[in-house]
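Trainee: Just one file: input12.txt, with compact mmCIF, C-alpha atoms (C1' of nucleotides).
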```txt
# COMPACT_ATOMS: atom_id res chain seq x y z
CA MET Z 158 43.33 125.51 130.41
CA PRO Z 159 41.99 122.45 128.69
CA GLU Z 160 43.22 119.21 130.20
CA LEU Z 161 41.81 115.76 129.52
CA PRO Z 162 38.27 116.36 130.89
CA GLU Z 163 37.89 119.67 129.08
CA VAL Z 164 39.07 118.17 125.80
CA GLU Z 165 36.66 115.31 126.34
CA SER Z 166 33.83 117.83 126.70
CA VAL Z 167 34.89 119.44 123.45
CA ARG Z 168 35.05 116.06 121.73
CA ARG Z 169 31.54 115.23 122.85
CA GLY Z 170 30.32 118.57 121.59
CA LEU Z 171 31.76 117.90 118.16
CA VAL Z 172 30.14 114.47 118.14
CA ARG Z 173 26.79 116.00 119.08
CA ALA Z 174 27.08 118.46 116.20
CA ARG Z 175 26.87 115.47 113.80
CA LEU Z 176 28.93 117.09 111.09
CA ARG Z 177 28.72 114.84 108.02
CA ALA Z 178 28.94 117.19 105.05
CA PRO Z 179 32.26 117.58 103.21
CA VAL Z 180 34.60 120.47 103.86
CA THR Z 181 34.14 123.11 101.19
CA GLU Z 182 36.53 125.73 102.44
CA LEU Z 183 39.33 126.18 104.91
CA TRP Z 184 40.43 129.48 106.36
CA ARG Z 185 43.47 130.26 108.50
CA SER Z 186 44.58 133.43 110.16
CA ARG Z 187 47.95 134.96 109.36
CA SER Z 188 49.44 134.13 112.74
CA PRO Z 189 50.56 130.57 113.28
CA LEU Z 190 49.23 128.81 116.32
CA ARG Z 191 52.33 126.96 117.39
CA ILE Z 192 55.98 127.37 116.61
CA GLY Z 193 58.05 124.24 116.42
CA ALA Z 194 58.96 121.34 114.18
CA THR Z 195 56.02 119.22 115.28
CA TRP Z 196 53.45 121.63 113.98
CA ARG Z 197 55.27 123.24 111.08
CA ASP Z 198 54.17 120.95 108.24
CA GLU Z 199 50.53 121.32 108.99
CA ARG Z 200 49.18 120.31 105.58
CA LEU Z 201 45.76 121.47 106.66
CA GLU Z 202 44.68 121.96 103.03
CA CYS Z 203 44.26 118.22 102.59
CA LEU Z 204 41.00 118.50 104.50
CA VAL Z 205 39.27 120.45 101.73
CA GLY Z 206 36.82 118.07 100.10
CA ALA Z 207 37.13 115.54 102.91
CA THR Z 208 34.14 114.27 104.88
CA PRO Z 209 34.22 114.50 108.68
CA GLY Z 210 33.61 111.38 110.71
CA GLU Z 211 34.47 109.99 114.11
CA VAL Z 212 35.91 112.33 116.76
CA GLN Z 213 38.37 110.76 119.17
CA ARG Z 214 40.48 112.09 121.99
CA ARG Z 215 44.00 111.13 123.02
CA GLY Z 216 45.34 112.88 126.09
CA LYS Z 217 44.70 116.57 125.54
CA TYR Z 218 44.40 116.15 121.78
CA VAL Z 219 41.26 116.03 119.67
CA VAL Z 220 41.71 113.51 116.86
CA TRP Z 221 39.08 114.10 114.20
CA HIS Z 222 38.76 111.53 111.44
CA PHE Z 223 38.08 112.60 107.85
CA ASP Z 224 37.25 110.35 104.89
CA GLY Z 225 36.84 107.36 107.14
CA ASP Z 226 40.20 106.41 108.59
CA ASP Z 227 42.19 107.98 105.79
CA LEU Z 228 42.77 111.55 106.95
CA GLY Z 229 42.86 113.19 110.35
CA LEU Z 230 42.94 116.55 112.04
CA VAL Z 231 44.82 116.75 115.34
CA VAL Z 232 44.07 119.73 117.54
CA HIS Z 233 45.64 120.91 120.76
CA LEU Z 234 43.72 123.70 122.46
CA GLY Z 235 46.74 125.08 124.30
CA MET Z 236 45.77 127.40 127.10
CA SER Z 237 42.89 129.32 125.64
CA GLY Z 238 41.66 127.45 122.56
CA ARG Z 239 37.94 127.13 121.96
CA PHE Z 240 35.97 125.34 119.27
CA GLY Z 241 32.62 126.75 118.28
CA LEU Z 242 29.92 126.31 115.65
CA ALA Z 243 28.85 129.20 113.48
CA THR Z 244 27.35 130.10 110.14
CA PRO Z 245 29.28 131.91 107.40
CA GLU Z 246 27.43 135.18 107.81
CA GLN Z 247 28.48 135.52 111.44
CA PRO Z 248 31.58 137.70 111.81
CA HIS Z 249 34.72 136.10 113.16
CA ALA Z 250 35.25 136.56 116.86
CA PRO Z 251 38.57 138.18 117.79
CA HIS Z 252 41.50 135.73 117.73
CA THR Z 253 39.80 133.33 115.34
CA HIS Z 254 42.63 131.35 113.77
CA PHE Z 255 41.06 128.43 111.94
CA VAL Z 256 37.72 127.82 110.23
CA LEU Z 257 36.33 124.77 108.46
CA ARG Z 258 33.27 125.43 106.32
CA PHE Z 259 31.07 122.45 105.50
CA ALA Z 260 28.73 121.83 102.56
CA ASP Z 261 25.67 122.02 104.83
CA GLY Z 262 26.37 125.69 105.52
CA ARG Z 263 27.89 125.29 108.97
CA GLU Z 264 31.34 126.26 110.16
CA VAL Z 265 33.59 125.03 112.92
CA ARG Z 266 35.80 127.80 114.25
CA LEU Z 267 38.82 127.74 116.51
CA VAL Z 268 39.42 130.82 118.65
CA ASP Z 269 42.66 130.96 120.62
CA PRO Z 270 43.72 134.34 122.08
CA ARG Z 271 47.01 133.16 123.51
CA ARG Z 272 47.83 131.03 120.47
CA PHE Z 273 49.35 128.19 122.45
CA GLY Z 274 47.19 125.74 120.54
CA GLY Z 275 48.29 123.70 117.56
CA LEU Z 276 46.82 122.11 114.46
CA ARG Z 277 48.02 119.30 112.29
CA ALA Z 278 46.41 117.33 109.49
CA GLY Z 279 47.43 114.50 107.21
CA LYS Z 280 47.22 110.76 106.84
CA LEU Z 281 45.68 109.42 110.00
CA ASP Z 282 48.09 106.53 110.43
CA GLU Z 283 51.06 108.89 110.15
CA LEU Z 284 49.51 111.23 112.68
CA TRP Z 285 49.15 108.41 115.17
CA ARG Z 286 52.74 107.30 114.68
CA SER Z 287 54.51 110.64 114.81
CA PRO Z 288 54.82 113.25 117.54
CA PRO Z 289 52.99 114.37 119.45
CA LEU Z 290 50.48 111.49 119.43
CA GLY Z 291 53.12 108.83 118.89
CA GLU Z 292 54.97 109.62 122.09
CA LEU Z 293 52.11 109.92 124.52
CA GLY Z 294 51.95 107.78 127.63
CA PRO Z 295 49.00 105.59 128.53
CA GLU Z 296 45.46 106.90 128.48
CA PRO Z 297 44.43 107.15 132.14
CA LEU Z 298 40.79 106.27 131.50
CA ALA Z 299 41.56 103.28 129.29
CA ARG Z 300 41.27 99.73 130.54
CA GLY Z 301 44.50 98.48 132.02
CA PHE Z 302 45.74 101.78 133.40
CA ASP Z 303 47.03 101.27 136.92
CA GLY Z 304 49.87 102.00 139.30
CA ARG Z 305 52.18 99.62 137.49
CA ALA Z 306 51.69 101.56 134.26
CA LEU Z 307 52.84 104.72 136.03
CA GLU Z 308 55.67 103.04 137.86
CA ALA Z 309 56.95 101.49 134.63
CA ARG Z 310 57.41 104.92 133.09
CA ALA Z 311 58.49 106.99 136.08
CA GLY Z 312 59.49 104.60 138.85
CA THR Z 313 63.20 105.34 138.60
CA SER Z 314 62.94 109.08 138.08
CA ALA Z 315 64.25 111.55 140.62
CA ARG Z 316 61.75 114.16 139.47
CA ALA Z 317 59.01 115.47 141.69
CA LEU Z 318 55.73 113.60 141.46
CA ARG Z 319 53.82 116.65 140.31
CA ASP Z 320 56.27 117.18 137.44
CA VAL Z 321 56.11 113.51 136.47
CA LEU Z 322 52.33 113.71 136.19
CA LEU Z 323 52.64 116.70 133.88
CA ASP Z 324 54.93 114.72 131.57
CA GLN Z 325 52.68 113.57 128.72
CA THR Z 326 54.96 110.63 127.96
CA VAL Z 327 54.34 109.24 131.45
CA VAL Z 328 50.58 109.56 131.37
CA ALA Z 329 48.52 111.46 128.80
CA GLY Z 330 46.15 114.31 129.47
CA ILE Z 331 47.11 115.49 132.97
CA GLY Z 332 47.71 119.19 133.59
CA ASN Z 333 48.46 121.12 136.72
CA ILE Z 334 44.92 121.19 138.08
CA TYR Z 335 44.31 117.45 138.02
CA ALA Z 336 47.88 116.61 139.03
CA VAL Z 337 47.47 118.71 142.17
CA GLU Z 338 44.00 117.33 142.90
CA ALA Z 339 45.02 113.71 142.39
CA LEU Z 340 48.11 114.02 144.59
CA HIS Z 341 45.97 115.38 147.39
CA LEU Z 342 43.39 112.63 146.98
CA ALA Z 343 46.19 110.05 147.04
CA GLY Z 344 47.80 111.64 150.09
CA LEU Z 345 51.13 112.10 148.33
CA HIS Z 346 53.48 115.07 148.61
CA PRO Z 347 53.75 116.80 145.22
CA LEU Z 348 57.52 117.27 145.52
CA LEU Z 349 58.33 113.71 146.57
CA PRO Z 350 60.84 112.17 144.13
CA ALA Z 351 59.02 109.60 142.00
CA LYS Z 352 61.57 106.88 142.66
CA ARG Z 353 60.73 106.93 146.35
CA LEU Z 354 57.24 105.58 145.80
CA ARG Z 355 56.42 101.97 146.46
CA ALA Z 356 53.89 99.97 144.50
CA SER Z 357 50.94 100.64 146.78
CA ALA Z 358 51.49 104.39 146.49
CA TRP Z 359 51.60 104.16 142.70
CA ASP Z 360 48.30 102.31 142.85
CA ARG Z 361 46.77 105.01 145.01
CA LEU Z 362 47.98 107.67 142.63
CA ALA Z 363 46.63 105.92 139.54
CA HIS Z 364 43.29 105.41 141.24
CA ALA Z 365 43.17 109.05 142.33
CA LEU Z 366 43.86 110.23 138.79
CA VAL Z 367 40.99 108.17 137.43
CA THR Z 368 38.69 109.48 140.15
CA VAL Z 369 39.41 113.17 139.63
CA LEU Z 370 39.28 112.87 135.84
CA ARG Z 371 35.98 110.97 135.82
CA GLN Z 372 34.42 113.47 138.19
CA ALA Z 373 35.59 116.40 136.10
CA ILE Z 374 34.17 114.87 132.91
CA ASP Z 375 30.84 114.30 134.67
CA ASN Z 376 30.88 117.98 135.58
CA GLY Z 377 31.60 119.14 132.05
CA GLY Z 378 35.20 120.15 132.79
CA THR Z 379 36.80 122.88 134.88
CA THR Z 380 36.47 126.52 133.84
CA LEU Z 381 38.93 128.68 135.73
CA ARG Z 382 38.91 131.37 133.10
CA ASP Z 383 38.81 130.52 129.42
CA PHE Z 384 37.40 127.07 128.93
CA ARG Z 385 34.11 126.70 127.04
CA ASP Z 386 32.67 123.65 125.34
CA VAL Z 387 31.53 123.66 121.71
CA SER Z 388 28.18 125.15 122.75
CA GLY Z 389 29.93 127.95 124.62
CA HIS Z 390 29.06 126.64 128.07
CA SER Z 391 31.44 126.78 131.02
CA GLY Z 392 32.31 123.69 132.99
CA ARG Z 393 31.09 123.17 136.54
CA ASN Z 394 33.99 121.24 138.03
CA GLN Z 395 35.73 124.35 139.38
CA ASP Z 396 33.26 124.24 142.29
CA GLU Z 397 34.38 120.70 143.10
CA LEU Z 398 38.14 121.30 143.26
CA ARG Z 399 39.33 120.39 146.72
CA VAL Z 400 42.74 122.05 146.84
CA TYR Z 401 43.77 123.64 143.52
CA GLY Z 402 43.94 127.41 143.89
CA ARG Z 403 43.03 127.23 147.57
CA ALA Z 404 46.35 127.84 149.30
CA GLY Z 405 45.70 129.32 152.73
CA ALA Z 406 42.26 127.73 152.99
CA PRO Z 407 41.56 124.75 155.25
CA CYS Z 408 42.11 121.27 153.86
CA PRO Z 409 38.71 119.74 153.08
CA GLY Z 410 39.91 116.52 154.66
CA CYS Z 411 41.55 117.56 157.92
CA GLY Z 412 41.23 121.32 158.26
CA THR Z 413 44.96 122.01 158.19
CA THR Z 414 45.85 125.16 156.27
CA LEU Z 415 46.72 124.26 152.67
CA LYS Z 416 50.18 125.34 151.60
CA GLY Z 417 51.10 126.79 148.23
CA PHE Z 418 54.41 126.18 146.51
CA VAL Z 419 56.21 126.98 143.28
CA HIS Z 420 58.36 124.39 141.60
CA GLY Z 421 59.80 124.50 138.12
CA GLY Z 422 58.04 127.81 137.64
CA ARG Z 423 54.67 126.20 138.22
CA SER Z 424 52.48 126.73 141.24
CA GLY Z 425 50.79 124.05 143.28
CA VAL Z 426 49.03 123.34 146.57
CA PHE Z 427 49.21 120.59 149.13
CA CYS Z 428 48.10 119.72 152.66
CA PRO Z 429 51.11 119.52 155.02
CA GLN Z 430 49.20 117.02 157.18
CA ASP Z 431 47.61 114.67 154.65
CA GLN Z 432 50.44 114.80 152.11
CA ARG Z 433 53.56 114.23 154.15
CA ARG Z 434 56.61 113.17 152.21
CA ALA Z 435 56.91 109.92 154.13
CA ARG Z 436 53.55 108.60 153.03
CA GLY Z 437 54.72 107.52 149.59
CA ARG Z 438 57.11 105.11 151.20
CA ILE Z 439 55.02 103.93 154.12
CA ALA Z 440 51.56 103.31 152.79
C1' DC X 81 70.75 111.31 129.29
C1' DA X 82 68.26 114.00 132.58
C1' DA X 83 66.50 118.00 134.53
C1' DG X 84 65.76 122.80 134.82
C1' DA X 85 65.15 127.24 132.39
C1' DA X 86 63.66 130.00 128.69
C1' DT X 87 60.27 130.64 125.23
C1' DC X 88 55.88 131.60 122.96
C1' DC X 89 51.20 134.82 123.90
C1' DT X 90 47.42 137.88 125.72
C1' DG X 91 43.96 139.06 129.09
C1' DA X 92 43.15 139.42 133.81
C1' DA X 93 44.78 140.87 138.04
C1' DT X 94 47.63 143.59 140.79
C1' DG X 95 50.59 147.68 142.05
C1' DC X 96 51.40 152.50 142.24
C1' DT I 177 41.30 156.68 136.75
C1' DG I 178 45.05 155.18 134.18
C1' DC I 179 49.24 153.28 133.22
C1' DA I 180 52.83 149.81 133.97
C1' DT I 181 54.03 145.40 135.73
C1' DT I 182 53.20 140.60 136.89
C1' DC I 183 51.35 136.25 136.20
C1' DA I 184 49.31 132.03 134.32
C1' DG I 185 49.94 127.99 131.76
C1' DG I 186 51.50 123.38 128.00
C1' DA I 187 54.71 121.88 125.06
C1' DT I 188 58.99 122.53 122.89
C1' DT I 189 63.64 124.00 122.54
C1' DC I 190 67.76 125.40 124.65
C1' DT I 191 71.25 125.07 128.44
C1' DT I 192 73.60 123.11 131.96
```
Could you spell out this file's structure in structure tokens?

Mentor:
Amino acid sequence: MPELPEVESVRRGLVRARLRAPVTELWRSRSPLRIGATWRDERLECLVGATPGEVQRRGKYVVWHFDGDDLGLVVHLGMSGRFGLATPEQPHAPHTHFVLRFADGREVRLVDPRRFGGLRAGKLDELWRSPPLGELGPEPLARGFDGRALEARAGTSARALRDVLLDQTVVAGIGNIYAVEALHLAGLHPLLPAKRLRASAWDRLAHALVTVLRQAIDNGGTTLRDFRDVSGHSGRNQDELRVYGRAGAPCPGCGTTLKGFVHGGRSGVFCPQDQRRARGRIA
DNA sequence: CAAGAATCCTGAATGC
DNA sequence: TGCATTCAGGATTCTT
């Protein structure tokens, strides 16, 4: 499930591909990738004839520039989306939903079995202003991101910390894996109401997020099942996860048995010793 | 307004 | 072995 580090790996793969030839053809499958108002007016056809340029990332979204800063393609990989390079004579892999063919004879293909991904294209400035990009919270790896940035957006919320971290308007790019990992690193209970945290705990949490995200990017992302980069390679960060998916195993910090939980229909893990509820208020 | 639940989807994993 | 059931997960929409 691509979160910020996995999307960053994909972005870097697209940059490495150095695609500079104009789009000659665009192909879409019959089945739409995402239902909902945000993705309905996709206007993908505007990319035909456009020249690809810079590839950026915002949260979990790839933001691909076309014709300089004029047009853009915004891609969310959902749960199972993969970008890959191919040539026209290669048959489409199953669940291929979107293909851009370029004048140099290469193709970029998007495969997404579960179809939770989404595509949108149009004027780049409009894309940045409107949902989903326009409503995203701060970029955790950008300069200036800190505990105060988190507290400003969630400091009065009664919601559980883990849920707050998954809210893309609070901070962009965090999914369940890195939320769970960061909360453990920060020593904070995942179900502690956000408004109970004091400033020093928000600082710890922000710092922990940056740490787990940076490490995951260095490791090429986390592949639990589906994730592959543009070259088809798996990530290596799954071997470095300290608590995610390890309920019942000993805590890597203190040896206490890690405890699993389900909240809001989403599973998680924490250490009952290192992540006591009181720690958000004390330390 | 806020928060939780339902929804979309398919392959992998589990149960019998 | 094979079939049926369960689950996972992000963002959006619906309900309370």

Trainee: Quick one: everything within 12 Å of DC88 (chain X), counting all atoms listed in the file, minus sequence neighbours fewer than 5 positions away in the same chain. Send it as a PDB file with C-alpha atoms (C1' of nucleotides), keeping the file's coordinate frame.

Mentor:
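To be explicit, this is the file written out as result.pdb:
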```pdb
ATOM      1  CA  PRO Z 189      50.560 130.570 113.280  1.00  0.00           C
ATOM      2  CA  LEU Z 190      49.230 128.810 116.320  1.00  0.00           C
ATOM      3  CA  ARG Z 191      52.330 126.960 117.390  1.00  0.00           C
ATOM      4  CA  ILE Z 192      55.980 127.370 116.610  1.00  0.00           C
ATOM      5  CA  GLY Z 193      58.050 124.240 116.420  1.00  0.00           C
ATOM      6  CA  GLY Z 235      46.740 125.080 124.300  1.00  0.00           C
ATOM      7  CA  MET Z 236      45.770 127.400 127.100  1.00  0.00           C
ATOM      8  CA  ARG Z 271      47.010 133.160 123.510  1.00  0.00           C
ATOM      9  CA  ARG Z 272      47.830 131.030 120.470  1.00  0.00           C
ATOM     10  CA  PHE Z 273      49.350 128.190 122.450  1.00  0.00           C
ATOM     11  CA  GLY Z 274      47.190 125.740 120.540  1.00  0.00           C
TER      12      GLY Z 274
ATOM     13  C1'  DG I 185      49.940 127.990 131.760  1.00  0.00           C
ATOM     14  C1'  DG I 186      51.500 123.380 128.000  1.00  0.00           C
ATOM     15  C1'  DA I 187      54.710 121.880 125.060  1.00  0.00           C
ATOM     16  C1'  DT I 188      58.990 122.530 122.890  1.00  0.00           C
ATOM     17  C1'  DT I 189      63.640 124.000 122.540  1.00  0.00           C
TER      18       DT I 189
END
```

Trainee: Which chain Z residues are at most 12 Å from chain I (counting only C-alpha atoms (C1' of nucleotides)), as a PyMOL selection string?

Mentor: chain Z and resi 158-160+191-196+217-218+233-238+271-275+288-289+323-326+330-334+381-383+402+422-424

Trainee: What are the residues of chain X lining chain Z at 10 Å or less? Count all atoms listed in the file, and put the answer as a tab-separated table (two decimals) with C-alpha atoms (C1' of nucleotides), in the coordinates of the input.

Mentor:
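Output contents, as saved in iface_25.tsv:
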```
chain	number	residue	atom	x	y	z
X	82	DA	C1'	68.26	114.00	132.58
X	83	DA	C1'	66.50	118.00	134.53
X	84	DG	C1'	65.76	122.80	134.82
X	85	DA	C1'	65.15	127.24	132.39
X	88	DC	C1'	55.88	131.60	122.96
X	89	DC	C1'	51.20	134.82	123.90
X	90	DT	C1'	47.42	137.88	125.72
X	91	DG	C1'	43.96	139.06	129.09
X	92	DA	C1'	43.15	139.42	133.81
```

Trainee: Could you name the residues that touch Arg175 (chain Z) at 12 Å or less, counting all atoms listed in the file, but leaving out those on the same chain fewer than 2 positions away, as a PyMOL selection string?

Mentor: chain Z and resi 168-173+177-178+208-212+242+259+261+263+265

Trainee: Write the residues of the selection above to a file with C-alpha atoms, as a short mmCIF file (atom, residue, chain, number, x, y, z; two decimals), in the frame of the given file.

Mentor:
```
data_model
loop_
_atom_site.label_atom_id
_atom_site.label_comp_id
_atom_site.auth_asym_id
_atom_site.auth_seq_id
_atom_site.Cartn_x
_atom_site.Cartn_y
_atom_site.Cartn_z
CA ARG Z 168 35.05 116.06 121.73
CA ARG Z 169 31.54 115.23 122.85
CA GLY Z 170 30.32 118.57 121.59
CA LEU Z 171 31.76 117.90 118.16
CA VAL Z 172 30.14 114.47 118.14
CA ARG Z 173 26.79 116.00 119.08
CA ARG Z 177 28.72 114.84 108.02
CA ALA Z 178 28.94 117.19 105.05
CA THR Z 208 34.14 114.27 104.88
CA PRO Z 209 34.22 114.50 108.68
CA GLY Z 210 33.61 111.38 110.71
CA GLU Z 211 34.47 109.99 114.11
CA VAL Z 212 35.91 112.33 116.76
CA LEU Z 242 29.92 126.31 115.65
CA PHE Z 259 31.07 122.45 105.50
CA ASP Z 261 25.67 122.02 104.83
CA ARG Z 263 27.89 125.29 108.97
CA VAL Z 265 33.59 125.03 112.92
#
```

Trainee: Near region 353-356 of chain Z, within 8 Å and counting only C-alpha atoms (C1' of nucleotides), which residues show up once chain neighbours fewer than 2 positions away are dropped, as a list in words?

Mentor: Gly304, Arg305, Glu308, Gly312, Leu349, Pro350, Ala351, Ala358, Trp359, Asp360, Gly437 and Arg438 of chain Z

Trainee: Quick one: residues within 6 Å of Val180 (chain Z), only C-alpha atoms (C1' of nucleotides), excluding same-chain residues fewer than 2 positions away - as a PyMOL selection string?

Mentor: chain Z and resi 182+205-207+258-259

Trainee: Include C-alpha atoms and write out the residues we just selected as a PDB file, in the coordinates of the input.

Mentor:
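Result file follows (selection.pdb):
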```pdb
ATOM      1  CA  GLU Z 182      36.530 125.730 102.440  1.00  0.00           C
ATOM      2  CA  VAL Z 205      39.270 120.450 101.730  1.00  0.00           C
ATOM      3  CA  GLY Z 206      36.820 118.070 100.100  1.00  0.00           C
ATOM      4  CA  ALA Z 207      37.130 115.540 102.910  1.00  0.00           C
ATOM      5  CA  ARG Z 258      33.270 125.430 106.320  1.00  0.00           C
ATOM      6  CA  PHE Z 259      31.070 122.450 105.500  1.00  0.00           C
TER       7      PHE Z 259
END
```

Trainee: I'd like the interatomic distance between CA of Lys416 (chain Z) and CA of Val164 (chain Z), to a tenth of an Å.

Mentor: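 Computing the Euclidean distance for CA of Lys416 (chain Z) and CA of Val164 (chain Z) yields 29.0 Å.
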
Trainee: Work out how far apart CA of Leu257 (chain Z) and CA of Leu230 (chain Z) are and give it in Å to one decimal.

Mentor: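 About the pair CA of Leu257 (chain Z) and CA of Leu230 (chain Z): they are 11.1 Å apart.
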
Trainee: Just give me the residues with any atom within 6 Å of (40.0, 127.3, 115.7), file coordinates, counting all atoms listed in the file, written as number ranges by chain.

Mentor: Z: 240, 254-256, 266-268

Trainee: Could you complete region 220-235 of chain Z so that it carries N, CA, C and O atoms, and give it back as a compact mmCIF listing (two decimals), in the frame of the given file?

Mentor:
```txt
# COMPACT_ATOMS: atom_id res chain seq x y z
N VAL Z 220 41.31 114.20 118.09
CA VAL Z 220 41.71 113.51 116.86
C VAL Z 220 40.45 113.29 116.03
O VAL Z 220 39.64 112.42 116.32
N TRP Z 221 40.30 114.10 115.00
CA TRP Z 221 39.08 114.10 114.20
C TRP Z 221 39.36 113.35 112.90
O TRP Z 221 40.27 113.72 112.15
N HIS Z 222 38.58 112.32 112.66
CA HIS Z 222 38.76 111.53 111.44
C HIS Z 222 38.06 112.21 110.26
O HIS Z 222 36.97 112.78 110.41
N PHE Z 223 38.68 112.12 109.09
CA PHE Z 223 38.08 112.60 107.85
C PHE Z 223 38.24 111.51 106.79
O PHE Z 223 39.25 110.80 106.77
N ASP Z 224 37.24 111.40 105.92
CA ASP Z 224 37.25 110.35 104.89
C ASP Z 224 37.51 108.99 105.52
O ASP Z 224 38.47 108.29 105.17
N GLY Z 225 36.66 108.64 106.45
CA GLY Z 225 36.84 107.36 107.14
C GLY Z 225 38.07 107.40 108.01
O GLY Z 225 38.22 108.29 108.83
N ASP Z 226 38.96 106.44 107.81
CA ASP Z 226 40.20 106.41 108.59
C ASP Z 226 41.39 106.89 107.77
O ASP Z 226 42.53 106.64 108.12
N ASP Z 227 41.11 107.58 106.69
CA ASP Z 227 42.19 107.98 105.79
C ASP Z 227 42.92 109.22 106.28
O ASP Z 227 44.13 109.21 106.48
N LEU Z 228 42.16 110.28 106.53
CA LEU Z 228 42.77 111.55 106.95
C LEU Z 228 42.38 111.89 108.37
O LEU Z 228 41.38 111.38 108.90
N GLY Z 229 43.18 112.77 108.99
CA GLY Z 229 42.86 113.19 110.35
C GLY Z 229 43.26 114.63 110.59
O GLY Z 229 44.13 115.18 109.92
N LEU Z 230 42.59 115.21 111.55
CA LEU Z 230 42.94 116.55 112.04
C LEU Z 230 43.22 116.42 113.53
O LEU Z 230 42.37 115.96 114.28
N VAL Z 231 44.43 116.80 113.93
CA VAL Z 231 44.82 116.75 115.34
C VAL Z 231 44.85 118.17 115.88
O VAL Z 231 45.47 119.05 115.27
N VAL Z 232 44.17 118.38 116.97
CA VAL Z 232 44.07 119.73 117.54
C VAL Z 232 44.48 119.72 119.00
O VAL Z 232 44.02 118.88 119.77
N HIS Z 233 45.36 120.65 119.35
CA HIS Z 233 45.64 120.91 120.76
C HIS Z 233 45.12 122.30 121.08
O HIS Z 233 45.38 123.25 120.34
N LEU Z 234 44.38 122.42 122.15
CA LEU Z 234 43.72 123.70 122.46
C LEU Z 234 44.62 124.65 123.24
O LEU Z 234 44.21 125.79 123.51
N GLY Z 235 45.81 124.19 123.59
CA GLY Z 235 46.74 125.08 124.30
C GLY Z 235 46.13 125.56 125.61
O GLY Z 235 45.55 124.79 126.36
```
